[in-house]
Amino acid sequence: MISVPQSKSSRWVIELIVISCLVILYGPLLYHWVWDGWVNKNISIQHEYFSHGVLGIPLAFKLCWDKRQTWHRLNDSYHWSGIACLALAFVFYASGVMDAINLSFPLMLTGLLLCLKGPAGLKLMLFPLVLIIFSTPTQLPYLIEPYILPLQRFIATVAGTILHGLGYDVEVNNIYLSMNQQLVEVAPHCAGLKMLFTSLYMGLVLTYWTGIYRSRLRTGIFFVGIILISVIGNILRNTILTFFHGNSMKEAFHWLHESWGGDIYSMIMLGSLVLVVNAIQSHVPLKLATAKVHTDGNQSLKQAPPVDF
Amino acid sequence: MALSLFSSDSKSRTWPRWLVVAVLVAIITAVALPQYVSGQLSWQSPPGVPQIRAIRELKETGLFIEGWSQDFQQKIPIGGSQWSVQQLTHASDSTPQQMVLFLKPQGQADDQPEVEWIDIKGSQKWQTSDQRRLRTGMLNIDTFRAWTSTQTFAVAQWYALPEGGHPAPYHWFWRDQKYQWSRRERLPWVAVSMLVPMPPLGDVSLFYSDLENLSQQVQKSLENTVFLDES
């Protein structure tokens, strides 16, 4: 410690203290999120909706690390709202209420950014912070679920129609499909709300990664594509599940529903997102107006300064 | 080290940075460390429902309602969980004479109201019409006419909670959050679907006052038995 030049060791002293404190406060909580909740699936279905955090949180940390030199060049300043965030995070952390404890993590981070470097610090770390906010488990899916009932009905109806078209005797009642006296319920999480959450999150990462967020048109098309893919994917998945269940193929049903068949399905879904992003990059113009003058569009892309999130 | 920092920077600019450290150290010493030392992590010991045994017992016994006698009671599976179904007859000769009560009490402290209304509609193969939400005192109920090929009912549905009830899961959710903050307990609930026989193609609005009175009675009976907090 003594041999390190004064300027270098004191340069990061606040950051080091803050990070150590964060590890003490949130290390065990993040372990609980990841190990108990996402790997062993022991907390709740609502918690599992945020399992994309397994990738998102490490990615956020990596992006922060990459920005450390820029962070250091920022002037020290603070914004009063940072102190408000910290105070609220304190109350939430001490409340003992699970959702509040979870939410205190992004609140604390926002408060720290605002107190150490002010709004400029928040702006610099905005994207990693957004990744963490969207990975923070809350009861939000529980509140959304009642509103996707029409989607569940739609998926049940289309899956029923497909099976009917293939010559099977299927009955559709609301969100239930029955085939050979076997009942399948298109539950909210089965209707792909979880997969939609994951797809949108991965879409967010891909938009940042490929830089297509610079074009509103491309971003818009991409997100519409994500929603379409996850709805179509789910219709197919529910059709196949009903088929397995109706024909008493218990092992096959279990394989696709809970076992690694489901993981393969997820991989195909996420893989198709990458294909869509590639297709958008090569086929969709940056703007509708510049579609005719393609060269201009390309030039403006090169000239545009890289926007830092 | 701290000294060197203060001398290199002006004090007015560094105080928020040290305030940040002070806040973090305060949370660690006041909240985190006591939990770690005692091994009582708040996320590993979530709050419970003190009355959970009595509530769960409803599946086996059904609900006793003052002035009503029970014709039969049974535990039946609906939508992957257990419900209690019971038929009750009023002792005196006032109308209505009979009702059927479907109850789904929460099984564990972390059970949440979800798709109970769809489950029961699907399992009973009801056709429904004339949906309307009524409000009587602290109680909100969804009412409608439900019919099968053989019978027609006027139905009232709600999630019964201590001090009131509401058919929407979000209502339970926000009251549960409040409960967790103020009492460190989860809010108990029982899904109630109450059926009163009515003539086929009859006007369900003629039964609104009956449904309101009866739902009040059921709610009161729940509040005076299973929701009673002995502690």
# chains A, B, ... in the order shown; residues from 1 in each chain; ligands from 1
>>> residues_around(residues="Trp126 of chain B", least_positions_apart="4", cutoff="12 Å", atoms="only C-alpha atoms", output="list in words")
Asn173 and Asn174 of chain A; Trp117, Ile118, Asp119, Ile120, Lys121, Gly122, Phe144, Arg145, Ala146, Trp147, Thr148, Ser149, Thr150, Gln151, Thr152, Phe153, Ala154, Val155 and Leu195 of chain B
>>> write_last_selection(atoms="C-alpha atoms", output="short mmCIF file (atom, residue, chain, number, x, y, z; two decimals), in the first residue's frame")
data_model
loop_
_atom_site.label_atom_id
_atom_site.label_comp_id
_atom_site.auth_asym_id
_atom_site.auth_seq_id
_atom_site.Cartn_x
_atom_site.Cartn_y
_atom_site.Cartn_z
CA ASN A 173 -62.73 -23.61 -24.18
CA ASN A 174 -61.39 -20.18 -23.22
CA TRP B 117 -62.36 -17.37 -11.86
CA ILE B 118 -61.29 -18.88 -15.16
CA ASP B 119 -60.58 -22.21 -13.49
CA ILE B 120 -64.02 -22.47 -11.93
CA LYS B 121 -65.79 -21.31 -15.06
CA GLY B 122 -63.90 -23.90 -17.11
CA PHE B 144 -73.15 -12.68 -13.45
CA ARG B 145 -75.59 -15.26 -14.67
CA ALA B 146 -74.10 -18.71 -15.27
CA TRP B 147 -75.83 -21.62 -16.89
CA THR B 148 -75.18 -25.18 -17.96
CA SER B 149 -77.47 -27.46 -19.91
CA THR B 150 -79.34 -28.32 -16.71
CA GLN B 151 -79.15 -25.36 -14.30
CA THR B 152 -78.94 -21.57 -14.06
CA PHE B 153 -77.33 -19.62 -11.22
CA ALA B 154 -76.85 -16.06 -10.10
CA VAL B 155 -73.17 -15.98 -9.14
CA LEU B 195 -74.10 -19.62 -6.47
#
>>> residues_around(residues="Ala160 of chain B", least_positions_apart="4", cutoff="10 Å", atoms="only C-alpha atoms", output="PyMOL selection string")
chain B and resi 103+105+139-141+164-167+172+188-192+215+218-220+222-223+227
>>> closest_residue(among="A:Ile221, A:Ala120, A:Val54, A:Val184", to="chain B", atoms="only C-alpha atoms")
A:Val184
>>> select_by_dssp(residues="segment 136-263 of chain A", states="alpha helix (DSSP H)", output="PyMOL selection string")
chain A and resi 140-144+149-165+193-210+216-246+250-257+260-263
>>> interface_residues(of="chain A", to="chain B", cutoff="9 Å", atoms="only C-alpha atoms", output="VMD selection string")
chain A and resid 6 9 to 11 13 to 14 17 to 18 21 to 22 24 to 25 29 32 44 76 to 78 83 86 to 87 90 93 to 98 101 111 to 112 115 to 116 142 to 143 145 to 146 173 to 176 185 187
>>> write_last_selection(atoms="N, CA and C atoms", output="short mmCIF file (atom, residue, chain, number, x, y, z; two decimals), in the first residue's frame")
data_model
loop_
_atom_site.label_atom_id
_atom_site.label_comp_id
_atom_site.auth_asym_id
_atom_site.auth_seq_id
_atom_site.Cartn_x
_atom_site.Cartn_y
_atom_site.Cartn_z
N GLN A 6 0.96 7.96 -4.02
CA GLN A 6 -0.22 8.53 -3.37
C GLN A 6 -1.35 8.80 -4.36
N SER A 9 -3.22 5.53 -5.50
CA SER A 9 -4.05 4.80 -4.55
C SER A 9 -5.25 5.64 -4.13
N SER A 10 -5.08 6.94 -4.03
CA SER A 10 -6.21 7.75 -3.57
C SER A 10 -7.19 8.03 -4.70
N ARG A 11 -6.69 7.80 -5.94
CA ARG A 11 -7.55 8.04 -7.09
C ARG A 11 -8.82 7.22 -7.02
N VAL A 13 -9.87 5.51 -4.22
CA VAL A 13 -10.19 5.07 -2.86
C VAL A 13 -11.70 5.05 -2.60
N ILE A 14 -12.40 6.09 -3.04
CA ILE A 14 -13.85 6.13 -2.81
C ILE A 14 -14.53 4.96 -3.52
N ILE A 17 -13.92 1.70 -1.71
CA ILE A 17 -14.72 1.58 -0.48
C ILE A 17 -16.18 1.29 -0.84
N VAL A 18 -16.69 2.06 -1.81
CA VAL A 18 -18.10 1.90 -2.20
C VAL A 18 -18.37 0.49 -2.71
N CYS A 21 -18.42 -2.01 0.09
CA CYS A 21 -19.68 -1.92 0.84
C CYS A 21 -20.80 -2.60 0.06
N LEU A 22 -20.84 -2.37 -1.27
CA LEU A 22 -21.89 -2.98 -2.09
C LEU A 22 -21.81 -4.50 -2.06
N ILE A 24 -20.66 -6.31 0.38
CA ILE A 24 -21.17 -6.77 1.68
C ILE A 24 -22.70 -6.72 1.71
N LEU A 25 -23.27 -5.61 1.19
CA LEU A 25 -24.72 -5.42 1.27
C LEU A 25 -25.46 -6.36 0.32
N LEU A 29 -27.45 -11.20 -1.42
CA LEU A 29 -28.75 -11.07 -2.08
C LEU A 29 -28.65 -11.54 -3.54
N HIS A 32 -28.54 -15.16 -3.71
CA HIS A 32 -29.90 -15.69 -3.54
C HIS A 32 -30.69 -15.61 -4.85
N SER A 44 -39.84 -18.33 -6.90
CA SER A 44 -41.22 -18.26 -7.39
C SER A 44 -41.20 -18.13 -8.90
N ASP A 76 -15.81 15.28 -10.40
CA ASP A 76 -16.62 14.93 -9.24
C ASP A 76 -17.72 15.97 -9.09
N SER A 77 -18.94 15.50 -8.98
CA SER A 77 -20.03 16.43 -8.68
C SER A 77 -21.14 15.61 -8.09
N TYR A 78 -22.18 16.24 -7.63
CA TYR A 78 -23.28 15.46 -7.10
C TYR A 78 -24.59 16.17 -7.38
N ILE A 83 -29.00 11.77 -3.25
CA ILE A 83 -29.16 11.56 -1.81
C ILE A 83 -30.56 11.02 -1.53
N LEU A 86 -30.50 7.38 -2.31
CA LEU A 86 -29.82 6.62 -1.27
C LEU A 86 -30.70 6.45 -0.04
N ALA A 87 -31.40 7.54 0.34
CA ALA A 87 -32.27 7.46 1.52
C ALA A 87 -33.37 6.44 1.29
N PHE A 90 -32.06 2.98 1.45
CA PHE A 90 -31.86 2.62 2.86
C PHE A 90 -33.17 2.08 3.45
N TYR A 93 -34.12 -1.25 1.88
CA TYR A 93 -33.26 -2.36 2.30
C TYR A 93 -33.63 -2.80 3.70
N ALA A 94 -33.96 -1.81 4.56
CA ALA A 94 -34.25 -2.14 5.96
C ALA A 94 -35.67 -2.66 6.15
N SER A 95 -36.54 -2.54 5.12
CA SER A 95 -37.96 -2.86 5.30
C SER A 95 -38.21 -4.33 5.57
N GLY A 96 -37.34 -5.20 5.06
CA GLY A 96 -37.58 -6.64 5.21
C GLY A 96 -38.60 -7.17 4.22
N VAL A 97 -39.17 -6.31 3.38
CA VAL A 97 -40.12 -6.75 2.35
C VAL A 97 -39.33 -7.09 1.10
N MET A 98 -39.54 -8.32 0.60
CA MET A 98 -38.67 -8.85 -0.45
C MET A 98 -38.55 -7.93 -1.68
N ILE A 101 -36.53 -4.88 -0.92
CA ILE A 101 -35.09 -5.16 -0.81
C ILE A 101 -34.49 -5.28 -2.20
N GLY A 111 -28.35 6.12 -6.93
CA GLY A 111 -27.96 7.12 -5.95
C GLY A 111 -26.46 7.31 -5.91
N LEU A 112 -25.72 6.21 -5.98
CA LEU A 112 -24.26 6.30 -5.92
C LEU A 112 -23.72 7.03 -7.14
N CYS A 115 -24.40 10.69 -6.75
CA CYS A 115 -23.66 11.34 -5.67
C CYS A 115 -22.18 11.46 -5.99
N LEU A 116 -21.66 10.53 -6.79
CA LEU A 116 -20.22 10.57 -7.06
C LEU A 116 -19.88 11.43 -8.26
N TYR A 142 -46.67 -10.58 -12.14
CA TYR A 142 -47.94 -10.94 -11.49
C TYR A 142 -49.02 -9.92 -11.83
N LEU A 143 -48.62 -8.64 -11.84
CA LEU A 143 -49.61 -7.59 -12.14
C LEU A 143 -49.98 -7.56 -13.61
N GLU A 145 -49.95 -10.31 -15.68
CA GLU A 145 -50.58 -11.56 -16.13
C GLU A 145 -52.08 -11.47 -16.44
N PRO A 146 -52.90 -10.83 -15.57
CA PRO A 146 -54.34 -10.80 -15.89
C PRO A 146 -54.64 -10.11 -17.22
N ASN A 173 -61.81 -24.29 -25.09
CA ASN A 173 -62.73 -23.61 -24.18
C ASN A 173 -61.93 -22.53 -23.45
N ASN A 174 -62.13 -21.27 -23.84
CA ASN A 174 -61.39 -20.18 -23.22
C ASN A 174 -59.88 -20.40 -23.37
N ILE A 175 -59.16 -20.65 -22.25
CA ILE A 175 -57.72 -20.87 -22.36
C ILE A 175 -57.38 -22.35 -22.23
N TYR A 176 -58.41 -23.20 -22.35
CA TYR A 176 -58.17 -24.63 -22.22
C TYR A 176 -58.29 -25.33 -23.57
N GLU A 185 -53.94 -26.31 -20.11
CA GLU A 185 -54.24 -24.91 -19.85
C GLU A 185 -53.11 -24.05 -20.40
N ALA A 187 -51.48 -21.34 -19.61
CA ALA A 187 -51.26 -20.44 -18.47
C ALA A 187 -50.44 -19.23 -18.92
#
>>> atom_distance(atom1="atom CA of Pro141 of chain A", atom2="atom CA of Ile55 of chain B")
26.3 Å
>>> decode(residues="segment 50-151 of chain A", atoms="C-alpha atoms", output="PDB file, in the first residue's frame")
ATOM      1  CA  PHE A  50     -36.111 -12.300 -14.606  1.00  0.00           C
ATOM      2  CA  SER A  51     -33.720 -15.202 -15.145  1.00  0.00           C
ATOM      3  CA  HIS A  52     -32.142 -13.305 -18.071  1.00  0.00           C
ATOM      4  CA  GLY A  53     -30.274 -11.533 -15.266  1.00  0.00           C
ATOM      5  CA  VAL A  54     -27.899 -14.508 -15.203  1.00  0.00           C
ATOM      6  CA  LEU A  55     -26.416 -13.017 -18.391  1.00  0.00           C
ATOM      7  CA  GLY A  56     -27.466  -9.404 -17.942  1.00  0.00           C
ATOM      8  CA  ILE A  57     -25.928  -8.653 -14.556  1.00  0.00           C
ATOM      9  CA  PRO A  58     -22.410  -9.934 -15.393  1.00  0.00           C
ATOM     10  CA  LEU A  59     -22.657  -8.066 -18.705  1.00  0.00           C
ATOM     11  CA  ALA A  60     -23.561  -4.878 -16.840  1.00  0.00           C
ATOM     12  CA  PHE A  61     -20.536  -5.303 -14.567  1.00  0.00           C
ATOM     13  CA  LYS A  62     -18.294  -5.858 -17.582  1.00  0.00           C
ATOM     14  CA  LEU A  63     -19.573  -2.731 -19.325  1.00  0.00           C
ATOM     15  CA  CYS A  64     -18.949  -0.707 -16.154  1.00  0.00           C
ATOM     16  CA  TRP A  65     -15.410  -2.045 -15.996  1.00  0.00           C
ATOM     17  CA  ASP A  66     -14.856  -1.083 -19.646  1.00  0.00           C
ATOM     18  CA  LYS A  67     -15.946   2.469 -18.911  1.00  0.00           C
ATOM     19  CA  ARG A  68     -13.743   2.935 -15.862  1.00  0.00           C
ATOM     20  CA  GLN A  69     -11.265   5.334 -17.534  1.00  0.00           C
ATOM     21  CA  THR A  70     -14.044   7.562 -18.879  1.00  0.00           C
ATOM     22  CA  TRP A  71     -15.648   7.434 -15.430  1.00  0.00           C
ATOM     23  CA  HIS A  72     -12.449   8.628 -13.849  1.00  0.00           C
ATOM     24  CA  ARG A  73     -12.096  11.538 -16.248  1.00  0.00           C
ATOM     25  CA  LEU A  74     -15.530  12.851 -15.246  1.00  0.00           C
ATOM     26  CA  ASN A  75     -15.520  15.706 -12.759  1.00  0.00           C
ATOM     27  CA  ASP A  76     -16.620  14.933  -9.237  1.00  0.00           C
ATOM     28  CA  SER A  77     -20.027  16.432  -8.683  1.00  0.00           C
ATOM     29  CA  TYR A  78     -23.279  15.461  -7.097  1.00  0.00           C
ATOM     30  CA  HIS A  79     -26.967  15.905  -7.550  1.00  0.00           C
ATOM     31  CA  TRP A  80     -29.424  16.169  -4.652  1.00  0.00           C
ATOM     32  CA  SER A  81     -31.648  13.472  -6.162  1.00  0.00           C
ATOM     33  CA  GLY A  82     -28.799  11.035  -5.541  1.00  0.00           C
ATOM     34  CA  ILE A  83     -29.157  11.558  -1.814  1.00  0.00           C
ATOM     35  CA  ALA A  84     -32.920  11.029  -2.117  1.00  0.00           C
ATOM     36  CA  CYS A  85     -32.241   7.739  -3.956  1.00  0.00           C
ATOM     37  CA  LEU A  86     -29.815   6.618  -1.266  1.00  0.00           C
ATOM     38  CA  ALA A  87     -32.270   7.465   1.516  1.00  0.00           C
ATOM     39  CA  LEU A  88     -35.042   5.539  -0.235  1.00  0.00           C
ATOM     40  CA  ALA A  89     -32.701   2.612  -0.867  1.00  0.00           C
ATOM     41  CA  PHE A  90     -31.861   2.624   2.859  1.00  0.00           C
ATOM     42  CA  VAL A  91     -35.554   2.453   3.810  1.00  0.00           C
ATOM     43  CA  PHE A  92     -36.248  -0.273   1.232  1.00  0.00           C
ATOM     44  CA  TYR A  93     -33.265  -2.357   2.300  1.00  0.00           C
ATOM     45  CA  ALA A  94     -34.251  -2.143   5.965  1.00  0.00           C
ATOM     46  CA  SER A  95     -37.959  -2.856   5.302  1.00  0.00           C
ATOM     47  CA  GLY A  96     -37.583  -6.636   5.207  1.00  0.00           C
ATOM     48  CA  VAL A  97     -40.120  -6.747   2.350  1.00  0.00           C
ATOM     49  CA  MET A  98     -38.672  -8.846  -0.454  1.00  0.00           C
ATOM     50  CA  ASP A  99     -39.625  -6.666  -3.423  1.00  0.00           C
ATOM     51  CA  ALA A 100     -38.433  -3.539  -1.648  1.00  0.00           C
ATOM     52  CA  ILE A 101     -35.093  -5.161  -0.805  1.00  0.00           C
ATOM     53  CA  ASN A 102     -34.669  -6.159  -4.441  1.00  0.00           C
ATOM     54  CA  LEU A 103     -35.574  -2.695  -5.696  1.00  0.00           C
ATOM     55  CA  SER A 104     -33.145  -1.087  -3.273  1.00  0.00           C
ATOM     56  CA  PHE A 105     -30.287  -2.475  -5.394  1.00  0.00           C
ATOM     57  CA  PRO A 106     -30.864  -0.417  -8.588  1.00  0.00           C
ATOM     58  CA  LEU A 107     -31.936   2.524  -6.402  1.00  0.00           C
ATOM     59  CA  MET A 108     -28.701   2.359  -4.463  1.00  0.00           C
ATOM     60  CA  LEU A 109     -26.664   2.180  -7.673  1.00  0.00           C
ATOM     61  CA  THR A 110     -28.512   5.182  -9.157  1.00  0.00           C
ATOM     62  CA  GLY A 111     -27.958   7.118  -5.945  1.00  0.00           C
ATOM     63  CA  LEU A 112     -24.261   6.297  -5.920  1.00  0.00           C
ATOM     64  CA  LEU A 113     -23.792   7.356  -9.554  1.00  0.00           C
ATOM     65  CA  LEU A 114     -25.556  10.658  -8.885  1.00  0.00           C
ATOM     66  CA  CYS A 115     -23.659  11.342  -5.675  1.00  0.00           C
ATOM     67  CA  LEU A 116     -20.217  10.566  -7.055  1.00  0.00           C
ATOM     68  CA  LYS A 117     -20.296  12.040 -10.558  1.00  0.00           C
ATOM     69  CA  GLY A 118     -23.668  13.740 -10.867  1.00  0.00           C
ATOM     70  CA  PRO A 119     -25.942  13.461 -13.923  1.00  0.00           C
ATOM     71  CA  ALA A 120     -22.915  12.904 -16.192  1.00  0.00           C
ATOM     72  CA  GLY A 121     -22.046   9.782 -14.200  1.00  0.00           C
ATOM     73  CA  LEU A 122     -25.586   8.498 -14.507  1.00  0.00           C
ATOM     74  CA  LYS A 123     -25.529   9.127 -18.240  1.00  0.00           C
ATOM     75  CA  LEU A 124     -22.252   7.283 -18.668  1.00  0.00           C
ATOM     76  CA  MET A 125     -23.471   4.192 -16.803  1.00  0.00           C
ATOM     77  CA  LEU A 126     -27.064   4.369 -18.040  1.00  0.00           C
ATOM     78  CA  PHE A 127     -27.021   1.254 -20.196  1.00  0.00           C
ATOM     79  CA  PRO A 128     -25.481  -1.074 -17.573  1.00  0.00           C
ATOM     80  CA  LEU A 129     -27.922   0.413 -15.062  1.00  0.00           C
ATOM     81  CA  VAL A 130     -30.861  -0.315 -17.368  1.00  0.00           C
ATOM     82  CA  LEU A 131     -29.614  -3.901 -17.706  1.00  0.00           C
ATOM     83  CA  ILE A 132     -29.653  -4.201 -13.910  1.00  0.00           C
ATOM     84  CA  ILE A 133     -33.050  -2.515 -13.498  1.00  0.00           C
ATOM     85  CA  PHE A 134     -34.659  -4.948 -15.945  1.00  0.00           C
ATOM     86  CA  SER A 135     -33.009  -7.901 -14.167  1.00  0.00           C
ATOM     87  CA  THR A 136     -34.274  -6.885 -10.737  1.00  0.00           C
ATOM     88  CA  PRO A 137     -36.948  -9.399  -9.695  1.00  0.00           C
ATOM     89  CA  THR A 138     -40.266  -7.793  -8.750  1.00  0.00           C
ATOM     90  CA  GLN A 139     -43.916  -8.793  -8.806  1.00  0.00           C
ATOM     91  CA  LEU A 140     -44.461  -6.919 -12.068  1.00  0.00           C
ATOM     92  CA  PRO A 141     -45.252 -10.122 -14.058  1.00  0.00           C
ATOM     93  CA  TYR A 142     -47.938 -10.941 -11.489  1.00  0.00           C
ATOM     94  CA  LEU A 143     -49.609  -7.592 -12.135  1.00  0.00           C
ATOM     95  CA  ILE A 144     -49.315  -7.968 -15.922  1.00  0.00           C
ATOM     96  CA  GLU A 145     -50.584 -11.562 -16.130  1.00  0.00           C
ATOM     97  CA  PRO A 146     -54.336 -10.796 -15.889  1.00  0.00           C
ATOM     98  CA  TYR A 147     -54.043  -8.454 -18.871  1.00  0.00           C
ATOM     99  CA  ILE A 148     -52.600 -11.020 -21.264  1.00  0.00           C
ATOM    100  CA  LEU A 149     -55.687 -13.206 -21.037  1.00  0.00           C
ATOM    101  CA  PRO A 150     -56.736 -12.256 -24.604  1.00  0.00           C
ATOM    102  CA  LEU A 151     -53.312 -13.421 -25.794  1.00  0.00           C
TER     103      LEU A 151
END
